[in-house]
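**Q** Contents of work-v4.csv (CSV, C-alpha atoms and all ligand atoms):
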chain,number,residue,atom,x,y,z
A,705,MET,CA,44.4,372.6,110.9
A,706,ALA,CA,43.9,373.5,114.5
A,707,ILE,CA,45.5,371.1,116.9
A,708,SER,CA,43.0,369.4,119.3
A,709,MET,CA,43.1,369.3,123.1
A,710,ASP,CA,43.7,365.5,122.9
A,711,GLU,CA,46.8,366.0,120.8
A,712,LEU,CA,48.0,368.9,123.1
A,713,GLN,CA,47.5,366.6,126.1
A,714,LEU,CA,49.8,364.0,124.4
A,715,ALA,CA,52.3,366.6,123.4
A,716,THR,CA,52.7,367.9,127.0
A,717,ARG,CA,53.3,364.4,128.3
A,718,ASN,CA,55.6,363.3,125.6
A,719,HIS,CA,58.3,365.9,125.0
A,720,GLY,CA,60.8,366.2,122.2
A,721,MET,CA,64.5,366.9,122.2
A,722,PRO,CA,65.0,370.7,121.9
A,723,LEU,CA,67.0,371.0,118.7
A,724,GLU,CA,69.8,373.0,120.3
A,725,ALA,CA,70.6,369.7,122.1
A,726,LEU,CA,72.0,368.5,118.7
A,727,ARG,CA,75.2,369.9,120.0
A,728,TYR,CA,75.8,366.9,122.3
A,729,ASP,CA,77.3,363.6,121.1
A,730,VAL,CA,75.2,361.9,123.9
A,731,THR,CA,72.0,363.6,124.8
A,732,PRO,CA,71.8,364.6,128.4
A,733,VAL,CA,69.0,362.5,130.0
A,734,GLY,CA,66.4,365.2,130.6
A,735,LEU,CA,66.8,366.4,127.0
A,736,HIS,CA,66.3,363.0,125.3
A,737,TYR,CA,62.8,362.7,123.7
A,738,LEU,CA,60.2,360.8,125.6
A,739,LEU,CA,57.3,358.7,124.5
A,740,VAL,CA,55.0,356.9,126.9
A,741,HIS,CA,51.8,355.4,125.3
A,742,PHE,CA,49.9,354.7,128.5
A,743,ASP,CA,51.3,355.6,132.0
A,744,VAL,CA,54.7,355.3,133.5
A,745,PRO,CA,53.9,352.1,135.5
A,746,ALA,CA,54.6,351.4,139.2
A,747,VAL,CA,57.3,348.7,139.5
A,748,PRO,CA,56.7,346.0,142.1
A,749,GLU,CA,59.3,345.7,144.8
A,750,ASP,CA,59.9,342.0,143.9
A,751,TRP,CA,60.3,342.8,140.2
A,752,ARG,CA,62.0,340.0,138.2
A,753,LEU,CA,62.7,339.6,134.5
A,754,HIS,CA,61.0,336.4,133.3
A,755,VAL,CA,62.3,334.6,130.2
A,756,GLY,CA,60.1,331.8,129.0
A,757,GLY,CA,57.9,330.4,126.2
A,758,LEU,CA,59.5,328.0,123.8
A,759,VAL,CA,62.8,327.6,125.8
A,760,SER,CA,64.5,324.6,127.4
A,761,ARG,CA,65.2,326.5,130.6
A,762,GLU,CA,63.1,329.3,132.0
A,763,LEU,CA,65.0,332.1,133.6
A,764,THR,CA,64.0,334.5,136.3
A,765,LEU,CA,66.5,337.3,137.0
A,766,SER,CA,66.5,340.0,139.7
A,767,GLN,CA,68.2,343.4,139.1
A,768,ASP,CA,71.2,342.2,141.1
A,769,GLU,CA,71.5,339.0,139.0
A,770,LEU,CA,71.3,341.1,135.8
A,771,ARG,CA,74.1,343.4,137.1
A,772,GLU,CA,76.3,340.4,137.9
A,773,ARG,CA,76.4,339.4,134.2
A,774,PRO,CA,79.0,340.8,131.8
A,775,SER,CA,77.9,344.3,130.9
A,776,VAL,CA,78.2,346.4,127.7
A,777,ARG,CA,77.7,350.1,126.8
A,778,ARG,CA,76.5,351.3,123.5
A,779,ILE,CA,75.8,354.8,122.1
A,780,VAL,CA,72.6,354.5,120.2
A,781,THR,CA,70.5,357.1,118.4
A,782,MET,CA,66.7,356.5,118.8
A,783,GLU,CA,63.9,358.1,116.9
A,784,CYS,CA,60.2,357.7,117.3
A,785,ALA,CA,58.6,356.2,114.1
A,786,GLY,CA,56.0,359.1,114.3
A,787,ASN,CA,58.7,361.8,114.1
A,788,GLY,CA,57.6,364.3,111.5
A,789,ARG,CA,53.9,363.2,111.7
A,790,ALA,CA,52.6,366.7,112.3
A,791,ARG,CA,54.0,367.8,108.9
A,792,LEU,CA,51.8,365.4,107.0
A,793,GLU,CA,48.6,366.6,105.2
A,794,PRO,CA,45.9,365.7,105.8
A,795,ARG,CA,47.1,365.6,109.4
A,796,ILE,CA,47.1,362.3,111.3
A,797,VAL,CA,45.7,362.7,114.9
A,798,SER,CA,48.2,361.2,117.3
A,799,GLN,CA,51.3,362.3,119.1
A,800,PRO,CA,52.1,365.5,117.0
A,801,TRP,CA,55.8,365.4,116.5
A,802,ILE,CA,57.4,368.0,114.2
A,803,ALA,CA,61.0,366.8,114.0
A,804,GLU,CA,62.3,366.5,117.6
A,805,ALA,CA,61.4,362.9,118.6
A,806,ILE,CA,65.1,362.0,118.7
A,807,GLY,CA,67.9,361.5,121.1
A,808,THR,CA,71.1,359.6,121.6
A,809,GLY,CA,71.8,357.7,124.8
A,810,GLU,CA,74.7,355.7,126.1
A,811,TRP,CA,72.8,352.6,127.2
A,812,GLY,CA,74.4,350.2,129.6
A,813,GLY,CA,73.2,346.7,130.4
A,814,VAL,CA,73.5,343.1,129.1
A,815,GLU,CA,73.4,341.7,125.6
A,816,LEU,CA,70.1,340.0,124.7
A,817,ALA,CA,71.5,337.2,122.6
A,818,PRO,CA,73.6,335.4,125.3
A,819,LEU,CA,70.5,335.4,127.6
A,820,LEU,CA,68.4,333.8,124.9
A,821,ARG,CA,71.1,331.2,124.2
A,822,GLU,CA,71.3,330.4,127.9
A,823,ALA,CA,67.5,329.8,128.0
A,824,GLY,CA,67.9,327.7,124.9
A,825,MET,CA,65.4,328.1,122.1
A,826,GLY,CA,63.3,325.2,121.2
A,827,ASP,CA,62.7,323.8,117.6
A,828,GLY,CA,60.1,325.9,115.8
A,829,ALA,CA,61.0,329.2,117.6
A,830,VAL,CA,60.3,332.1,115.2
A,831,GLU,CA,59.9,335.3,117.2
A,832,VAL,CA,60.8,336.7,120.6
A,833,LEU,CA,58.1,338.8,122.4
A,834,PHE,CA,58.9,341.6,124.8
A,835,THR,CA,56.2,342.7,127.3
A,836,GLY,CA,56.2,345.9,129.4
A,837,LEU,CA,54.6,346.4,132.8
A,838,ASP,CA,52.5,349.3,131.4
A,839,ARG,CA,48.9,348.7,130.3
A,840,GLY,CA,46.2,350.8,128.6
A,841,ILE,CA,43.7,350.9,125.8
A,842,ASP,CA,44.6,351.6,122.2
A,843,GLY,CA,42.3,351.2,119.2
A,844,GLY,CA,39.6,350.0,121.7
A,845,VAL,CA,41.8,347.0,122.8
A,846,GLU,CA,43.1,346.7,126.4
A,847,GLN,CA,46.7,345.5,126.3
A,848,ALA,CA,50.1,345.5,127.9
A,849,TYR,CA,52.6,347.4,125.7
A,850,GLU,CA,54.4,344.6,123.8
A,851,ARG,CA,56.3,344.1,120.6
A,852,SER,CA,58.2,341.2,119.0
A,853,LEU,CA,61.4,340.7,117.0
A,854,SER,CA,62.2,337.9,114.6
A,855,LEU,CA,64.5,335.3,116.1
A,856,ASP,CA,67.3,336.5,113.6
A,857,GLU,CA,67.0,340.1,114.8
A,858,ALA,CA,66.9,339.1,118.4
A,859,LEU,CA,70.1,337.0,118.0
A,860,ALA,CA,71.9,339.5,115.7
A,861,GLY,CA,73.9,340.7,118.7
A,862,ASP,CA,73.1,344.4,118.7
A,863,ALA,CA,70.1,344.4,121.0
A,864,LEU,CA,70.6,344.9,124.7
A,865,LEU,CA,68.7,344.9,127.9
A,866,ALA,CA,69.6,348.3,129.5
A,867,TYR,CA,69.5,349.2,133.2
A,868,GLU,CA,71.6,352.3,132.7
A,869,LEU,CA,71.4,355.5,130.7
A,870,ASN,CA,74.4,357.8,130.4
A,871,GLY,CA,76.2,356.0,133.2
A,872,GLU,CA,73.3,356.5,135.7
A,873,PRO,CA,70.5,354.1,136.7
A,874,LEU,CA,67.8,354.1,134.0
A,875,PRO,CA,65.2,356.7,135.0
A,876,PRO,CA,61.5,355.8,135.4
A,877,GLN,CA,60.3,357.6,132.2
A,878,HIS,CA,62.9,355.7,130.1
A,879,GLY,CA,61.9,352.3,131.3
A,880,ALA,CA,63.4,351.5,134.7
A,881,PRO,CA,64.3,349.0,135.9
A,882,LEU,CA,65.0,347.4,132.5
A,883,ARG,CA,64.3,348.1,128.9
A,884,LEU,CA,65.1,346.6,125.5
A,885,VAL,CA,67.3,348.7,123.2
A,886,VAL,CA,67.3,347.6,119.6
A,887,PRO,CA,69.9,349.8,117.8
A,888,GLY,CA,69.0,351.0,114.3
A,889,TRP,CA,65.2,350.5,114.8
A,890,TYR,CA,62.6,353.0,115.3
A,891,GLY,CA,61.8,353.5,119.1
A,892,MET,CA,58.6,351.4,119.3
A,893,THR,CA,60.7,348.3,119.2
A,894,SER,CA,62.7,349.2,122.3
A,895,VAL,CA,60.1,348.0,124.9
A,896,LYS,CA,60.4,349.8,128.3
A,897,TRP,CA,59.6,348.5,131.8
A,898,LEU,CA,60.4,345.1,130.5
A,899,GLU,CA,58.8,342.3,132.5
A,900,ARG,CA,58.6,339.3,130.3
A,901,ILE,CA,60.5,337.8,127.3
A,902,ARG,CA,58.7,335.0,125.5
A,903,VAL,CA,60.0,332.8,122.7
A,904,LEU,CA,57.2,332.2,120.3
A,905,ASP,CA,56.5,329.5,117.7
A,906,ARG,CA,54.4,331.9,115.5
A,907,PRO,CA,54.5,335.6,114.6
A,908,PHE,CA,53.0,337.8,117.3
A,909,ASP,CA,49.8,339.5,116.1
A,910,GLY,CA,49.1,341.9,119.0
A,911,TYR,CA,47.9,345.5,118.5
A,912,GLN,CA,51.3,347.3,118.5
A,913,GLN,CA,52.6,344.8,115.9
A,914,ALA,CA,49.8,343.8,113.6
A,915,HIS,CA,47.7,347.0,113.6
A,916,ALA,CA,50.0,349.9,114.7
A,917,TYR,CA,53.4,350.5,113.2
A,918,ARG,CA,52.6,349.5,109.7
A,919,PHE,CA,53.3,351.7,106.8
A,920,ARG,CA,49.9,351.8,105.0
A,921,ARG,CA,49.2,354.1,102.0
A,922,ASP,CA,45.5,353.9,102.6
A,923,GLU,CA,42.9,352.1,104.8
A,924,ASP,CA,42.7,349.1,102.5
A,925,ASP,CA,46.5,348.7,102.2
A,926,GLU,CA,47.8,345.9,104.4
A,927,GLY,CA,51.1,347.7,104.4
A,928,GLU,CA,54.6,346.8,105.6
A,929,PRO,CA,55.9,346.7,109.2
A,930,VAL,CA,57.8,349.8,110.3
A,931,ALA,CA,61.3,348.6,111.2
A,932,ARG,CA,64.6,350.4,110.8
A,933,MET,CA,65.1,354.2,110.9
A,934,ARG,CA,65.3,355.9,107.5
A,935,PRO,CA,68.2,358.3,107.0
A,936,ARG,CA,67.6,361.7,108.5
A,937,SER,CA,69.6,364.8,109.4
A,938,LEU,CA,68.7,367.7,111.6
A,939,MET,CA,70.4,371.1,111.9
A,940,LEU,CA,71.1,372.9,115.2
A,941,PRO,CA,69.1,376.1,114.7
A,942,PRO,CA,71.6,378.9,114.1
A,943,GLY,CA,71.5,382.4,115.8
A,944,VAL,CA,68.7,383.3,118.1
A,945,PRO,CA,65.0,382.4,117.9
A,946,ASP,CA,61.9,384.5,117.9
A,947,PHE,CA,59.9,383.3,121.0
A,948,MET,CA,56.6,382.5,119.2
A,949,THR,CA,57.5,381.6,115.6
A,950,ARG,CA,60.9,380.1,116.2
A,951,ARG,CA,62.2,382.0,113.2
A,952,ARG,CA,66.0,382.3,113.5
A,953,PHE,CA,67.9,385.6,113.5
A,954,VAL,CA,71.6,385.5,112.4
A,955,GLU,CA,74.2,388.2,112.1
A,956,ALA,CA,75.6,388.7,108.5
A,957,GLY,CA,79.0,387.2,107.8
A,958,PRO,CA,80.6,383.8,108.3
A,959,CYS,CA,78.2,381.4,110.1
A,960,SER,CA,79.1,377.8,111.0
A,961,LEU,CA,76.2,375.5,110.7
A,962,GLU,CA,76.2,372.1,112.4
A,963,GLY,CA,73.8,369.1,112.9
A,964,ARG,CA,73.6,365.4,113.2
A,965,ALA,CA,72.6,362.7,110.7
A,966,TRP,CA,71.7,359.0,111.2
A,967,SER,CA,70.2,356.0,109.5
A,968,GLY,CA,69.3,352.6,111.0
A,969,VAL,CA,70.0,350.9,107.7
A,970,ALA,CA,73.6,351.8,106.9
A,971,PRO,CA,76.2,354.3,108.0
A,972,ILE,CA,75.8,357.9,106.8
A,973,GLU,CA,77.6,358.5,103.5
A,974,SER,CA,76.9,362.3,103.0
A,975,VAL,CA,75.0,365.3,104.1
A,976,GLU,CA,74.0,368.2,102.0
A,977,VAL,CA,73.0,371.7,103.1
A,978,GLY,CA,70.5,373.7,101.1
A,979,VAL,CA,70.6,377.5,101.1
A,980,ASP,CA,67.5,378.8,99.3
A,981,GLY,CA,67.4,375.6,97.3
A,982,GLU,CA,71.1,375.5,96.3
A,983,TRP,CA,72.6,372.3,97.8
A,984,ALA,CA,76.3,371.8,98.8
A,985,THR,CA,78.1,369.1,100.6
A,986,ALA,CA,78.7,369.3,104.4
A,987,ARG,CA,81.6,367.8,106.3
A,988,VAL,CA,80.6,364.6,108.1
A,989,GLU,CA,82.5,363.3,111.1
A,990,PRO,CA,82.8,359.6,112.0
A,991,ALA,CA,80.0,358.4,114.2
A,992,PRO,CA,81.0,357.6,117.8
A,993,ASP,CA,79.4,354.2,117.6
A,994,ARG,CA,77.9,351.9,114.9
A,995,PHE,CA,74.3,353.0,115.6
A,996,ALA,CA,75.0,356.5,116.8
A,997,TRP,CA,74.4,359.7,114.8
A,998,SER,CA,77.3,361.5,113.0
A,999,ARG,CA,78.0,365.2,113.5
A,1000,TRP,CA,78.3,367.4,110.4
A,1001,THR,CA,79.4,370.9,109.9
A,1002,PHE,CA,79.0,373.4,107.1
A,1003,HIS,CA,80.4,376.9,106.4
A,1004,TRP,CA,77.8,379.4,105.4
A,1005,GLN,CA,78.5,383.0,104.3
A,1006,ALA,CA,75.2,384.6,105.6
A,1007,GLU,CA,74.0,387.4,103.3
A,1008,PRO,CA,71.4,389.9,104.7
A,1009,GLY,CA,67.8,389.0,103.9
A,1010,ASP,CA,65.4,386.1,104.5
A,1011,HIS,CA,66.6,382.6,103.8
A,1012,GLU,CA,65.5,379.0,103.8
A,1013,LEU,CA,68.1,376.6,105.2
A,1014,ALA,CA,67.7,372.8,104.7
A,1015,CYS,CA,69.7,369.6,105.2
A,1016,ARG,CA,69.4,366.1,103.9
A,1017,ALA,CA,71.4,362.9,104.5
A,1018,ARG,CA,72.2,359.9,102.4
A,1019,ASP,CA,73.3,356.5,103.8
A,1020,GLU,CA,75.8,354.0,102.3
A,1021,ALA,CA,72.9,351.8,101.1
A,1022,GLY,CA,71.8,354.6,98.8
A,1023,ASN,CA,68.8,355.7,100.8
A,1024,GLU,CA,68.3,359.5,100.7
A,1025,GLN,CA,65.9,361.8,102.4
A,1026,PRO,CA,63.1,363.0,100.2
A,1027,LEU,CA,62.2,366.7,99.9
A,1028,GLU,CA,58.5,366.0,100.4
A,1029,PRO,CA,56.9,363.7,103.0
A,1030,GLU,CA,55.3,360.4,101.9
A,1031,TRP,CA,51.8,360.4,103.5
A,1032,ASN,CA,50.6,357.2,105.2
A,1033,VAL,CA,47.7,356.3,107.5
A,1034,GLY,CA,49.7,356.0,110.7
A,1035,GLY,CA,51.9,359.0,110.0
A,1036,TYR,CA,55.2,357.0,110.3
A,1037,CYS,CA,58.7,357.4,108.8
A,1038,ASN,CA,58.4,361.0,107.6
A,1039,ASN,CA,62.1,361.7,107.0
A,1040,ALA,CA,61.6,364.6,104.6
A,1041,ALA,CA,64.4,367.1,104.7
A,1042,GLN,CA,64.2,369.7,107.5
A,1043,SER,CA,63.9,373.3,106.6
A,1044,LEU,CA,64.5,376.4,108.7
A,1045,ALA,CA,63.4,380.0,108.2
A,1046,VAL,CA,66.3,382.4,108.9
A,1047,THR,CA,66.6,386.2,108.8
A,1048,VAL,CA,70.1,387.5,108.4
A,1049,ARG,CA,70.7,391.1,109.7
A,1101,LIG,N1,56.6,349.5,127.6
A,1101,LIG,C1,56.6,350.5,126.7
A,1101,LIG,N2,57.7,350.6,125.9
A,1101,LIG,C2,57.8,351.6,124.9
A,1101,LIG,C3,56.8,352.5,124.8
A,1101,LIG,C4,55.7,352.4,125.6
A,1101,LIG,O1,54.7,353.3,125.6
A,1101,LIG,N3,55.6,351.4,126.6
A,1101,LIG,N4,56.9,353.5,123.8
A,1101,LIG,C5,57.8,353.1,122.6
A,1101,LIG,C6,58.0,354.1,121.7
A,1101,LIG,S1,56.8,354.4,120.5
A,1101,LIG,C7,59.2,354.8,121.6
A,1101,LIG,S2,59.4,356.0,120.4
A,1101,LIG,C8,60.2,354.6,122.6
A,1101,LIG,C9,60.6,355.9,123.3
A,1101,LIG,O2,61.6,355.7,124.2
A,1101,LIG,P1,62.0,356.9,125.2
A,1101,LIG,O3,60.8,357.5,125.8
A,1101,LIG,O4,63.0,356.3,126.2
A,1101,LIG,O5,62.7,358.0,124.4
A,1101,LIG,O6,59.9,353.7,123.6
A,1101,LIG,C10,59.1,352.6,123.1
A,1101,LIG,N5,59.0,351.6,124.2
A,1102,MO,MO,57.5,356.0,119.0
Write the structure described by the file as structure tokens, please.
Ligand SMILES: Nc1nc2c(c(=O)[nH]1)N[C@H]1C(S)=C(S)[C@@H](COP(=O)(O)O)O[C@H]1N2
Ligand SMILES: [Mo]

**A**
Amino acid sequence: MAISMDELQLATRNHGMPLEALRYDVTPVGLHYLLVHFDVPAVPEDWRLHVGGLVSRELTLSQDELRERPSVRRIVTMECAGNGRARLEPRIVSQPWIAEAIGTGEWGGVELAPLLREAGMGDGAVEVLFTGLDRGIDGGVEQAYERSLSLDEALAGDALLAYELNGEPLPPQHGAPLRLVVPGWYGMTSVKWLERIRVLDRPFDGYQQAHAYRFRRDEDDEGEPVARMRPRSLMLPPGVPDFMTRRRFVEAGPCSLEGRAWSGVAPIESVEVGVDGEWATARVEPAPDRFAWSRWTFHWQAEPGDHELACRARDEAGNEQPLEPEWNVGGYCNNAAQSLAVTVR
């Protein structure tokens, strides 16, 4: 079970959101989780966004030209598809997230759909490919980080090209000068350091699309593409932690529990809190935006002794968090209910 130096190296580069940051509606920038597959790339002085491929008019836009266009701001909860990976057994060797690969940003920028319409998509367009400036080797293949969206998803109207996070210029680690943000989808879709958008006449079969980010039950399974975030809830750890084990210590008596819940499929319908396996309904507040998490609260009468606290969410499409993880080759989409060890004194 020992974690390898390679995994530790990834874990120190790519940090999670400390769970106490669940108290904020919008995650302060430095507390938002971070995932960088290769390196944070250097951005050329003469950076431009290129829009091309199967279009009637190629576009080349500078940062100033992007800022002159009508802007939007959206509060979006983003989660890495590998969140929960370290809880799978047998363990999958990759970025070893436990539960903290999550954050909510207020992303500012321009909507993707009007830009694509301006370029004019040709007959036979099926997908839109987004290419980042960063390069590296994954699965033995040298590549730029790139991912595609179907034409329908790209035109759905939710996706934006962001140059701001929480009202400030987008920082380097989150994709400056420009990134894609696709609300509701796992994070891999939201390509950072965006350089090129290409309209394609066939499905993209690059590494991060055709090999990575597929939910495969075994090596022979072709699997399904990983897409929208499954429902999940996380609890703000109550009381104070033990430094090494993170076990929580809480005073006996009334204790208010709180957390956040989200789903990329449908709005959150309900959250349940489990105390030693007994589940009861939490109070869920309206989400601040369509694709942002909802805050929830729960009143707990803490009795002295050792306890196991848990939470699980259900969305309006009837998807519910399982109690046990569903193992898969890439270690994706583990939305099993979180559980926390608490000692009440
Ligand atoms: N160009 C580029 N875009 C990328 C990545 C990357 O490595 N390179 N990582 C993706 C993954 S897997 C995730 S989970 C999110 C993380 O976004 P964040 O670091 O801003 O939280 O960015 C996505 N976009
Ligand atoms: Mo990710």

**Q** Counting only C-alpha atoms and all ligand atoms, what are the residues of chain A within 7 Å of ligand LIG 1101 (chain A), and for each of them which pair of atoms is the nearest and at what distance in Å, to one decimal? Sort the table by chain and rising number, as a Markdown table.

**A**
| residue | atom | partner | partner_atom | distance |
| --- | --- | --- | --- | --- |
| A:His736 | CA | A:LIG1101 | O5 | 6.2 |
| A:Tyr737 | CA | A:LIG1101 | O5 | 4.8 |
| A:Leu738 | CA | A:LIG1101 | O3 | 3.4 |
| A:Leu739 | CA | A:LIG1101 | O3 | 3.9 |
| A:Val740 | CA | A:LIG1101 | O1 | 3.8 |
| A:His741 | CA | A:LIG1101 | O1 | 3.6 |
| A:Phe742 | CA | A:LIG1101 | O1 | 5.8 |
| A:Glu783 | CA | A:LIG1101 | S2 | 6.1 |
| A:Cys784 | CA | A:LIG1101 | S2 | 3.6 |
| A:Ala785 | CA | A:LIG1101 | S2 | 6.4 |
| A:Thr835 | CA | A:LIG1101 | N1 | 6.8 |
| A:Gly836 | CA | A:LIG1101 | N1 | 4.0 |
| A:Leu837 | CA | A:LIG1101 | N1 | 6.4 |
| A:Asp838 | CA | A:LIG1101 | N1 | 5.6 |
| A:Tyr849 | CA | A:LIG1101 | N1 | 4.9 |
| A:Glu850 | CA | A:LIG1101 | N1 | 6.6 |
| A:Gln877 | CA | A:LIG1101 | O3 | 6.4 |
| A:His878 | CA | A:LIG1101 | O4 | 3.9 |
| A:Gly879 | CA | A:LIG1101 | O4 | 6.6 |
| A:Tyr890 | CA | A:LIG1101 | S2 | 6.7 |
| A:Gly891 | CA | A:LIG1101 | S2 | 3.7 |
| A:Met892 | CA | A:LIG1101 | C6 | 3.7 |
| A:Thr893 | CA | A:LIG1101 | C10 | 6.0 |
| A:Ser894 | CA | A:LIG1101 | N5 | 4.8 |
| A:Val895 | CA | A:LIG1101 | N2 | 3.7 |
| A:Lys896 | CA | A:LIG1101 | N2 | 3.7 |
| A:Trp897 | CA | A:LIG1101 | N1 | 5.3 |
| A:Leu898 | CA | A:LIG1101 | N1 | 6.5 |

**Q** Compare A:Met709, A:Leu819, A:Val930, A:Val975 by their minimum atom-to-atom distance to ligand MO 1102 (chain A), counting only C-alpha atoms and all ligand atoms, and give me the closest one.

**A**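 That would be A:Val930, the residue with the smallest distance to ligand MO 1102 (chain A).
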
**Q** Can you tell me how far atom CA of A:Glu762 sits from atom CA of A:Asp856, in Å to one decimal?

**A** 20.2 Å

**Q** Tell me, as a PDB file with C-alpha atoms, in the frame of the given file, which residues lie within 8 Å of stretch 809-811 of chain A, counting all atoms listed in the file; anything in the same chain fewer than 5 positions away does not count.

**A**
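The resulting file, result-v9.pdb, is reproduced below:
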ATOM      1  CA  VAL A 730      75.200 361.900 123.900  1.00  0.00           C
ATOM      2  CA  THR A 731      72.000 363.600 124.800  1.00  0.00           C
ATOM      3  CA  PRO A 732      71.800 364.600 128.400  1.00  0.00           C
ATOM      4  CA  VAL A 733      69.000 362.500 130.000  1.00  0.00           C
ATOM      5  CA  HIS A 736      66.300 363.000 125.300  1.00  0.00           C
ATOM      6  CA  ARG A 777      77.700 350.100 126.800  1.00  0.00           C
ATOM      7  CA  ARG A 778      76.500 351.300 123.500  1.00  0.00           C
ATOM      8  CA  ILE A 779      75.800 354.800 122.100  1.00  0.00           C
ATOM      9  CA  VAL A 780      72.600 354.500 120.200  1.00  0.00           C
ATOM     10  CA  THR A 781      70.500 357.100 118.400  1.00  0.00           C
ATOM     11  CA  MET A 782      66.700 356.500 118.800  1.00  0.00           C
ATOM     12  CA  ALA A 866      69.600 348.300 129.500  1.00  0.00           C
ATOM     13  CA  TYR A 867      69.500 349.200 133.200  1.00  0.00           C
ATOM     14  CA  GLU A 868      71.600 352.300 132.700  1.00  0.00           C
ATOM     15  CA  LEU A 869      71.400 355.500 130.700  1.00  0.00           C
ATOM     16  CA  ASN A 870      74.400 357.800 130.400  1.00  0.00           C
ATOM     17  CA  GLY A 871      76.200 356.000 133.200  1.00  0.00           C
ATOM     18  CA  VAL A 885      67.300 348.700 123.200  1.00  0.00           C
TER      19      VAL A 885
END

**Q** Separation of atom CA of A:Met933 and atom CA of A:Arg920, in Å?

**A**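 Atom-to-atom, atom CA of A:Met933 and atom CA of A:Arg920 are spaced 16.5 Å apart.
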